[in-house]
Amino acid sequence: MNDFSEDLFDEKKIKKAVRRGKLKTIITVIIISIVVFVVLNIANSAISANYSEKAFKQWDAYVRLSTPNGYISETVDSRGLLGGVSNYEISKDFKIKSVVIERKQYSFGLIPSVLVSRGSGGKIGMTGEDWQFGYKENGWREMMFFHPNVSYKKYKDDEDQIELMQGDKIYEVAISFDQPYKPNELFIQLPEMTWFWVDTYSSDQLNEFQQEAKENDWTSTFIREHDVLGFSINTPFISIHDLEVEYEQFLELLQMSISRDHRNTFNKMKDVKLEDVELLGAVVYGTKEEIVEILKEPIIKASSIGGVIENY
């Protein structure tokens with residue numbers, strides 16, 4: 001009985017038991033913490049990856065709609081808590097090869113990262129003596145478009161400039177028609193790769209364009225490249241049937257795009273049949289001889305050079 005009492009109240013044994021209990025508790029907490037950390041990281045990665053994929057599709061749709069023959073060619077994600085930032089490259093299909101033209105960022109997720117961008121840039125022609133065109137990051141000019149139903153004081157015409165170009169090059173040129181044309185009314189020889197500018201503008205937008213053309217200096221009154229919408233084909237345009245698949249893809253991209261304006265345009269265009277679509281212009285790709293031949297067509301009201309690459 002005395003031995004039992006001594007063991008029961010042995011201070012050393014009590015401390016040892018307490019230490020053993022604390023150690024078990026610490027080990028249990030550590031194991032639980034590791035499991036929770038791993039589970040939360042897996043969940044965070046899965047959620048972030050899901051939002052990243054969704055954001056990519058939305059932004060790629062936006063680029064394909066508003067950048068003639070453009071698409072997102074590469075993305076690199078930096079993921080944080082339930083979201084992150086994606087650094088991406090925009091490339092253009094340029095008939096014989098693709099060229100990176102810009103690098104940008106977008107955020108995604110339930111808790112998207114805040115993007116802070118700094119930089120400076122400018123436009124040529126700020127004195128009112130030349131067109132106020134902008135430049136892409138790779139040095140190419142942003143193309144200009146002129147709506148056929150708007151009366152401008154002056155129209156861009158780069159035909160003479162193209163004829164003076166030297167060397168074997170491929171040119172990207174925006175052409176604006178003299179009036180809207182439905183696909184079955186467009187009798188013009190176009191190169192295999194052509195991007196068609198679709199009339200998606202409301203009467204309010206047209207009135208705004210006309211007011212700007214009337215009140216502002218001619219150097220700034222045109223429609224900029226990122227404000228036009230359209231789709232491309234990689235085969236010769238012979239009949240309206242050559243555009244059927246591409247037009248359906250165009251509507252899908254409008255519905256998918258990150259831009260609310262694009263989704264509003266989808267609601268306007270979703271019931272418009274291809275035969276009723278009006279084409280306002282195009283972006284064509286070809287050699288100097290091919291482009292000059294196209295620019296002689298009487299239906300072309302304006303032309304604007306975009307990118308130029310070596311023909312190899």
# chains A, B, ... in the order shown; residues from 1 in each chain; ligands from 1
>>> residues_around(residues="Ile170 in chain A", least_positions_apart="5", cutoff="7 Å", atoms="only C-alpha atoms", output="VMD selection string")
chain A and resid 285 to 287 308 to 311
>>> residues_around(residues="range 177-191 of chain A", least_positions_apart="2", cutoff="9 Å", atoms="only C-alpha atoms", output="PyMOL selection string")
chain A and resi 146-149+175+193-194+199+234-240+243+274-282+284-286+290-291+294+297-302
>>> write_last_selection(atoms="N, CA and C atoms", output="compact mmCIF listing (two decimals), in the first residue's frame")
# COMPACT_ATOMS: atom_id res chain seq x y z
N PHE A 146 -12.37 53.25 -91.12
CA PHE A 146 -13.29 54.34 -91.40
C PHE A 146 -14.65 53.75 -91.76
N HIS A 147 -15.65 54.05 -90.93
CA HIS A 147 -16.97 53.47 -91.14
C HIS A 147 -17.60 54.04 -92.41
N PRO A 148 -18.12 53.20 -93.29
CA PRO A 148 -18.69 53.69 -94.56
C PRO A 148 -19.87 54.65 -94.39
N ASN A 149 -20.59 54.55 -93.28
CA ASN A 149 -21.76 55.40 -93.08
C ASN A 149 -21.45 56.68 -92.32
N ILE A 175 -8.30 47.73 -94.80
CA ILE A 175 -9.04 48.42 -95.86
C ILE A 175 -10.47 48.67 -95.39
N MET A 193 -5.56 34.60 -96.56
CA MET A 193 -5.79 35.03 -95.19
C MET A 193 -6.42 36.42 -95.19
N THR A 194 -7.65 36.50 -94.73
CA THR A 194 -8.37 37.78 -94.69
C THR A 194 -9.17 37.86 -93.40
N ASP A 199 -20.02 44.85 -89.09
CA ASP A 199 -20.77 46.01 -88.56
C ASP A 199 -21.55 45.57 -87.33
N ASN A 234 -8.82 31.44 -93.53
CA ASN A 234 -7.50 31.09 -94.05
C ASN A 234 -7.59 30.40 -95.40
N THR A 235 -8.74 30.56 -96.05
CA THR A 235 -8.93 30.00 -97.39
C THR A 235 -9.44 31.11 -98.30
N PRO A 236 -9.33 30.96 -99.60
CA PRO A 236 -9.84 32.00 -100.51
C PRO A 236 -11.33 32.24 -100.31
N PHE A 237 -11.74 33.50 -100.34
CA PHE A 237 -13.15 33.84 -100.20
C PHE A 237 -13.79 33.81 -101.58
N ILE A 238 -14.64 32.81 -101.78
CA ILE A 238 -15.31 32.66 -103.08
C ILE A 238 -16.81 32.88 -102.95
N SER A 239 -17.41 32.32 -101.90
CA SER A 239 -18.85 32.48 -101.71
C SER A 239 -19.14 32.61 -100.21
N ILE A 240 -20.38 32.90 -99.90
CA ILE A 240 -20.80 33.09 -98.51
C ILE A 240 -20.58 31.82 -97.68
N LEU A 243 -17.66 31.38 -95.22
CA LEU A 243 -17.63 32.13 -93.96
C LEU A 243 -18.49 31.51 -92.86
N LEU A 274 -25.96 34.93 -91.31
CA LEU A 274 -24.76 35.31 -92.03
C LEU A 274 -25.07 36.11 -93.29
N GLU A 275 -26.13 35.72 -94.00
CA GLU A 275 -26.46 36.43 -95.24
C GLU A 275 -26.91 37.87 -95.00
N ASP A 276 -27.26 38.20 -93.74
CA ASP A 276 -27.69 39.56 -93.41
C ASP A 276 -26.59 40.39 -92.73
N VAL A 277 -25.47 39.76 -92.46
CA VAL A 277 -24.35 40.47 -91.84
C VAL A 277 -23.78 41.49 -92.82
N GLU A 278 -23.40 42.66 -92.31
CA GLU A 278 -22.79 43.68 -93.15
C GLU A 278 -21.30 43.78 -92.84
N LEU A 279 -20.49 43.70 -93.89
CA LEU A 279 -19.04 43.80 -93.76
C LEU A 279 -18.60 45.21 -94.15
N LEU A 280 -17.81 45.83 -93.29
CA LEU A 280 -17.42 47.23 -93.46
C LEU A 280 -16.01 47.38 -94.03
N GLY A 281 -15.23 46.33 -93.97
CA GLY A 281 -13.86 46.39 -94.43
C GLY A 281 -13.18 45.07 -94.16
N ALA A 282 -11.87 45.08 -94.23
CA ALA A 282 -11.11 43.85 -94.02
C ALA A 282 -9.67 44.20 -93.66
N VAL A 284 -6.02 42.60 -94.81
CA VAL A 284 -5.46 41.66 -95.78
C VAL A 284 -3.95 41.55 -95.57
N TYR A 285 -3.40 40.43 -96.02
CA TYR A 285 -1.98 40.14 -95.85
C TYR A 285 -1.42 39.69 -97.20
N GLY A 286 -0.30 40.29 -97.61
CA GLY A 286 0.29 39.89 -98.87
C GLY A 286 1.53 40.68 -99.22
N GLU A 290 0.65 42.12 -104.40
CA GLU A 290 -0.70 41.63 -104.09
C GLU A 290 -1.55 42.72 -103.43
N ILE A 291 -0.94 43.45 -102.50
CA ILE A 291 -1.69 44.48 -101.78
C ILE A 291 -2.06 45.63 -102.71
N ILE A 294 -5.01 44.83 -104.79
CA ILE A 294 -6.27 44.89 -104.03
C ILE A 294 -6.71 46.34 -103.84
N GLU A 297 -9.05 48.30 -106.21
CA GLU A 297 -10.49 48.01 -106.29
C GLU A 297 -11.30 49.27 -105.94
N PRO A 298 -12.32 49.60 -106.73
CA PRO A 298 -13.08 50.83 -106.52
C PRO A 298 -13.89 50.86 -105.22
N ILE A 299 -14.13 49.70 -104.62
CA ILE A 299 -14.95 49.69 -103.40
C ILE A 299 -14.15 50.08 -102.16
N ILE A 300 -12.83 50.25 -102.30
CA ILE A 300 -11.99 50.56 -101.14
C ILE A 300 -11.88 52.08 -100.97
N LYS A 301 -12.30 52.54 -99.80
CA LYS A 301 -12.32 53.98 -99.50
C LYS A 301 -11.07 54.43 -98.76
N ALA A 302 -10.48 53.56 -97.93
CA ALA A 302 -9.31 53.94 -97.14
C ALA A 302 -8.43 52.72 -96.92
>>> residues_around(residues="Gly83 in chain A", least_positions_apart="4", cutoff="10 Å", atoms="only C-alpha atoms", output="MDAnalysis selection string")
chainID A and resid 44:45 47:52 77:79 107:113
>>> write_last_selection(atoms="C-alpha atoms", output="PDB file, in the first residue's frame")
ATOM      1  CA  ASN A  44      -6.315  26.750 -53.410  1.00  0.00           C
ATOM      2  CA  SER A  45      -4.387  25.374 -56.393  1.00  0.00           C
ATOM      3  CA  ILE A  47      -9.655  26.792 -57.360  1.00  0.00           C
ATOM      4  CA  SER A  48      -6.947  29.063 -58.799  1.00  0.00           C
ATOM      5  CA  ALA A  49      -6.373  26.721 -61.751  1.00  0.00           C
ATOM      6  CA  ASN A  50     -10.092  26.668 -62.489  1.00  0.00           C
ATOM      7  CA  TYR A  51     -10.344  30.461 -62.443  1.00  0.00           C
ATOM      8  CA  SER A  52      -7.120  30.746 -64.455  1.00  0.00           C
ATOM      9  CA  ASP A  77       0.547  32.435 -63.938  1.00  0.00           C
ATOM     10  CA  SER A  78       1.615  33.804 -60.558  1.00  0.00           C
ATOM     11  CA  ARG A  79      -0.885  32.322 -58.123  1.00  0.00           C
ATOM     12  CA  SER A 107      -5.857  39.083 -62.826  1.00  0.00           C
ATOM     13  CA  PHE A 108      -8.188  36.201 -62.011  1.00  0.00           C
ATOM     14  CA  GLY A 109      -9.839  34.373 -59.082  1.00  0.00           C
ATOM     15  CA  LEU A 110     -12.120  34.959 -56.111  1.00  0.00           C
ATOM     16  CA  ILE A 111      -9.514  37.333 -54.697  1.00  0.00           C
ATOM     17  CA  PRO A 112      -7.858  38.742 -57.856  1.00  0.00           C
ATOM     18  CA  SER A 113      -4.532  40.483 -57.470  1.00  0.00           C
TER      19      SER A 113
END
>>> atom_distance(atom1="CA of Ile90 in chain A", atom2="CA of Phe266 in chain A")
23.3 Å
>>> select_by_dssp(residues="range 98-225 of chain A", states="strand (DSSP E)", output="ChimeraX atom specification")
/A:98-109,144-145,169-181,194-198,223-224
>>> write_last_selection(atoms="C-alpha atoms", output="CSV table (one decimal), in the first residue's frame")
chain,number,residue,atom,x,y,z
A,98,SER,CA,3.3,34.2,-86.1
A,99,VAL,CA,4.7,37.3,-84.5
A,100,VAL,CA,4.5,38.4,-80.9
A,101,ILE,CA,3.2,42.0,-80.8
A,102,GLU,CA,2.4,42.7,-77.1
A,103,ARG,CA,2.9,41.5,-73.6
A,104,LYS,CA,0.2,42.2,-71.0
A,105,GLN,CA,-1.3,41.0,-67.7
A,106,TYR,CA,-4.7,40.2,-66.3
A,107,SER,CA,-5.9,39.1,-62.8
A,108,PHE,CA,-8.2,36.2,-62.0
A,109,GLY,CA,-9.8,34.4,-59.1
A,144,MET,CA,-7.1,52.8,-88.7
A,145,PHE,CA,-10.6,52.1,-89.9
A,169,LYS,CA,8.0,41.7,-97.4
A,170,ILE,CA,4.6,40.7,-96.3
A,171,TYR,CA,2.3,43.6,-95.4
A,172,GLU,CA,-0.7,43.8,-93.1
A,173,VAL,CA,-3.2,46.4,-94.4
A,174,ALA,CA,-6.6,47.5,-93.1
A,175,ILE,CA,-9.0,48.4,-95.9
A,176,SER,CA,-12.3,50.2,-95.3
A,177,PHE,CA,-15.1,49.8,-97.9
A,178,ASP,CA,-17.1,52.6,-99.5
A,179,GLN,CA,-20.3,51.1,-98.2
A,180,PRO,CA,-21.5,48.2,-96.1
A,181,TYR,CA,-21.6,44.9,-98.1
A,194,THR,CA,-8.4,37.8,-94.7
A,195,TRP,CA,-9.9,39.3,-91.5
A,196,PHE,CA,-13.4,40.7,-92.1
A,197,TRP,CA,-14.6,43.8,-90.2
A,198,VAL,CA,-18.2,43.2,-89.1
A,223,ILE,CA,-11.9,54.0,-85.5
A,224,ARG,CA,-8.9,52.4,-83.8
>>> closest_residue(among="A:Leu251, A:Val245, A:Val150, A:Ala43", to="Phe209 in chain A", atoms="only C-alpha atoms")
A:Val150
>>> residues_around(residues="Thr67 in chain A", least_positions_apart="4", cutoff="12 Å", atoms="only C-alpha atoms", output="mmCIF file with N, CA and C atoms, in the first residue's frame")
data_model
loop_
_atom_site.group_PDB
_atom_site.id
_atom_site.type_symbol
_atom_site.label_atom_id
_atom_site.label_comp_id
_atom_site.auth_asym_id
_atom_site.auth_seq_id
_atom_site.Cartn_x
_atom_site.Cartn_y
_atom_site.Cartn_z
ATOM 1 N N TRP A 59 -10.220 36.044 -71.934
ATOM 2 C CA TRP A 59 -9.286 37.025 -72.478
ATOM 3 C C TRP A 59 -8.829 36.645 -73.885
ATOM 4 N N ASP A 60 -8.672 35.363 -74.147
ATOM 5 C CA ASP A 60 -8.306 34.938 -75.492
ATOM 6 C C ASP A 60 -9.425 35.278 -76.474
ATOM 7 N N ALA A 61 -10.681 35.115 -76.045
ATOM 8 C CA ALA A 61 -11.812 35.499 -76.886
ATOM 9 C C ALA A 61 -11.779 36.995 -77.173
ATOM 10 N N TYR A 62 -11.489 37.778 -76.150
ATOM 11 C CA TYR A 62 -11.398 39.236 -76.313
ATOM 12 C C TYR A 62 -10.321 39.598 -77.332
ATOM 13 N N VAL A 63 -9.160 38.981 -77.205
ATOM 14 C CA VAL A 63 -8.044 39.271 -78.118
ATOM 15 C C VAL A 63 -8.387 38.853 -79.537
ATOM 16 N N TYR A 71 -4.171 36.339 -81.118
ATOM 17 C CA TYR A 71 -4.545 35.327 -80.139
ATOM 18 C C TYR A 71 -3.513 35.347 -79.015
ATOM 19 N N ILE A 72 -3.858 34.774 -77.868
ATOM 20 C CA ILE A 72 -2.906 34.664 -76.762
ATOM 21 C C ILE A 72 -2.047 33.435 -77.006
ATOM 22 N N ILE A 90 0.524 38.356 -76.724
ATOM 23 C CA ILE A 90 -0.400 38.388 -77.844
ATOM 24 C C ILE A 90 0.405 38.232 -79.133
ATOM 25 N N SER A 91 0.026 37.251 -79.941
ATOM 26 C CA SER A 91 0.677 37.030 -81.227
ATOM 27 C C SER A 91 -0.324 37.221 -82.348
ATOM 28 N N LYS A 92 0.211 37.434 -83.554
ATOM 29 C CA LYS A 92 -0.619 37.533 -84.743
ATOM 30 C C LYS A 92 -0.202 36.462 -85.741
ATOM 31 N N ASP A 93 -1.207 35.827 -86.345
ATOM 32 C CA ASP A 93 -0.943 34.988 -87.506
ATOM 33 C C ASP A 93 -0.690 35.923 -88.673
ATOM 34 N N ILE A 101 3.353 40.534 -80.644
ATOM 35 C CA ILE A 101 3.218 41.984 -80.798
ATOM 36 C C ILE A 101 3.097 42.730 -79.468
ATOM 37 N N GLU A 102 2.607 42.057 -78.421
ATOM 38 C CA GLU A 102 2.427 42.739 -77.133
ATOM 39 C C GLU A 102 2.530 41.748 -75.983
ATOM 40 N N LYS A 136 2.028 49.693 -81.375
ATOM 41 C CA LYS A 136 2.063 48.518 -80.511
ATOM 42 C C LYS A 136 3.438 48.428 -79.853
ATOM 43 N N GLU A 142 -0.743 50.933 -85.108
ATOM 44 C CA GLU A 142 -2.114 50.460 -84.950
ATOM 45 C C GLU A 142 -2.905 50.891 -86.182
ATOM 46 N N MET A 143 -3.631 49.971 -86.766
ATOM 47 C CA MET A 143 -4.365 50.255 -88.001
ATOM 48 C C MET A 143 -5.578 51.151 -87.741
ATOM 49 N N ALA A 174 -5.161 47.371 -93.352
ATOM 50 C CA ALA A 174 -6.599 47.496 -93.097
ATOM 51 C C ALA A 174 -7.231 48.253 -94.250
ATOM 52 N N TRP A 195 -9.114 39.008 -92.756
ATOM 53 C CA TRP A 195 -9.908 39.272 -91.550
ATOM 54 C C TRP A 195 -11.016 40.242 -91.933
ATOM 55 N N PHE A 196 -12.270 39.875 -91.677
ATOM 56 C CA PHE A 196 -13.415 40.682 -92.078
ATOM 57 C C PHE A 196 -13.923 41.534 -90.907
ATOM 58 N N TRP A 197 -14.097 42.806 -91.183
ATOM 59 C CA TRP A 197 -14.631 43.753 -90.200
ATOM 60 C C TRP A 197 -16.155 43.724 -90.271
ATOM 61 N N ARG A 224 -10.214 53.102 -84.073
ATOM 62 C CA ARG A 224 -8.940 52.446 -83.783
ATOM 63 C C ARG A 224 -9.061 50.923 -83.862
ATOM 64 N N GLU A 225 -7.923 50.307 -84.045
ATOM 65 C CA GLU A 225 -7.867 48.865 -84.303
ATOM 66 C C GLU A 225 -8.585 48.040 -83.239
ATOM 67 N N HIS A 226 -8.441 48.404 -81.966
ATOM 68 C CA HIS A 226 -9.028 47.592 -80.897
ATOM 69 C C HIS A 226 -10.522 47.855 -80.707
ATOM 70 N N ASP A 227 -11.074 48.787 -81.497
ATOM 71 C CA ASP A 227 -12.499 49.090 -81.395
ATOM 72 C C ASP A 227 -13.296 48.506 -82.551
ATOM 73 N N VAL A 228 -12.675 47.657 -83.346
ATOM 74 C CA VAL A 228 -13.388 46.972 -84.423
ATOM 75 C C VAL A 228 -13.461 45.486 -84.086
ATOM 76 N N LEU A 229 -14.495 44.832 -84.559
ATOM 77 C CA LEU A 229 -14.694 43.412 -84.285
ATOM 78 C C LEU A 229 -14.835 42.656 -85.601
ATOM 79 N N GLY A 230 -14.318 41.451 -85.619
ATOM 80 C CA GLY A 230 -14.438 40.669 -86.840
ATOM 81 C C GLY A 230 -13.893 39.267 -86.691
ATOM 82 N N PHE A 231 -13.759 38.584 -87.814
ATOM 83 C CA PHE A 231 -13.262 37.207 -87.830
ATOM 84 C C PHE A 231 -12.475 36.984 -89.114
ATOM 85 N N SER A 232 -11.644 35.950 -89.111
ATOM 86 C CA SER A 232 -10.778 35.701 -90.264
ATOM 87 C C SER A 232 -11.030 34.338 -90.876
ATOM 88 N N VAL A 283 -8.946 43.184 -93.190
ATOM 89 C CA VAL A 283 -7.497 43.278 -93.031
ATOM 90 C C VAL A 283 -6.912 42.199 -93.917
ATOM 91 N N GLY A 306 -0.480 48.174 -91.141
ATOM 92 C CA GLY A 306 -0.248 47.710 -89.779
ATOM 93 C C GLY A 306 1.169 47.186 -89.653
#
>>> residues_around(residues="Glu159 in chain A", least_positions_apart="3", cutoff="7 Å", atoms="only C-alpha atoms", output="count of residues only")
4
>>> select_by_dssp(residues="range 145-290 of chain A", states="helix (DSSP H, G or I)", output="MDAnalysis selection string")
chainID A and resid 159:163 183:185 203:215 218:220 225:227 240:256 260:269 274:276 288:290
>>> closest_residue(among="A:Lys288, A:Lys273, A:Arg260, A:Arg64", to="Leu164 in chain A", atoms="only C-alpha atoms")
A:Lys288
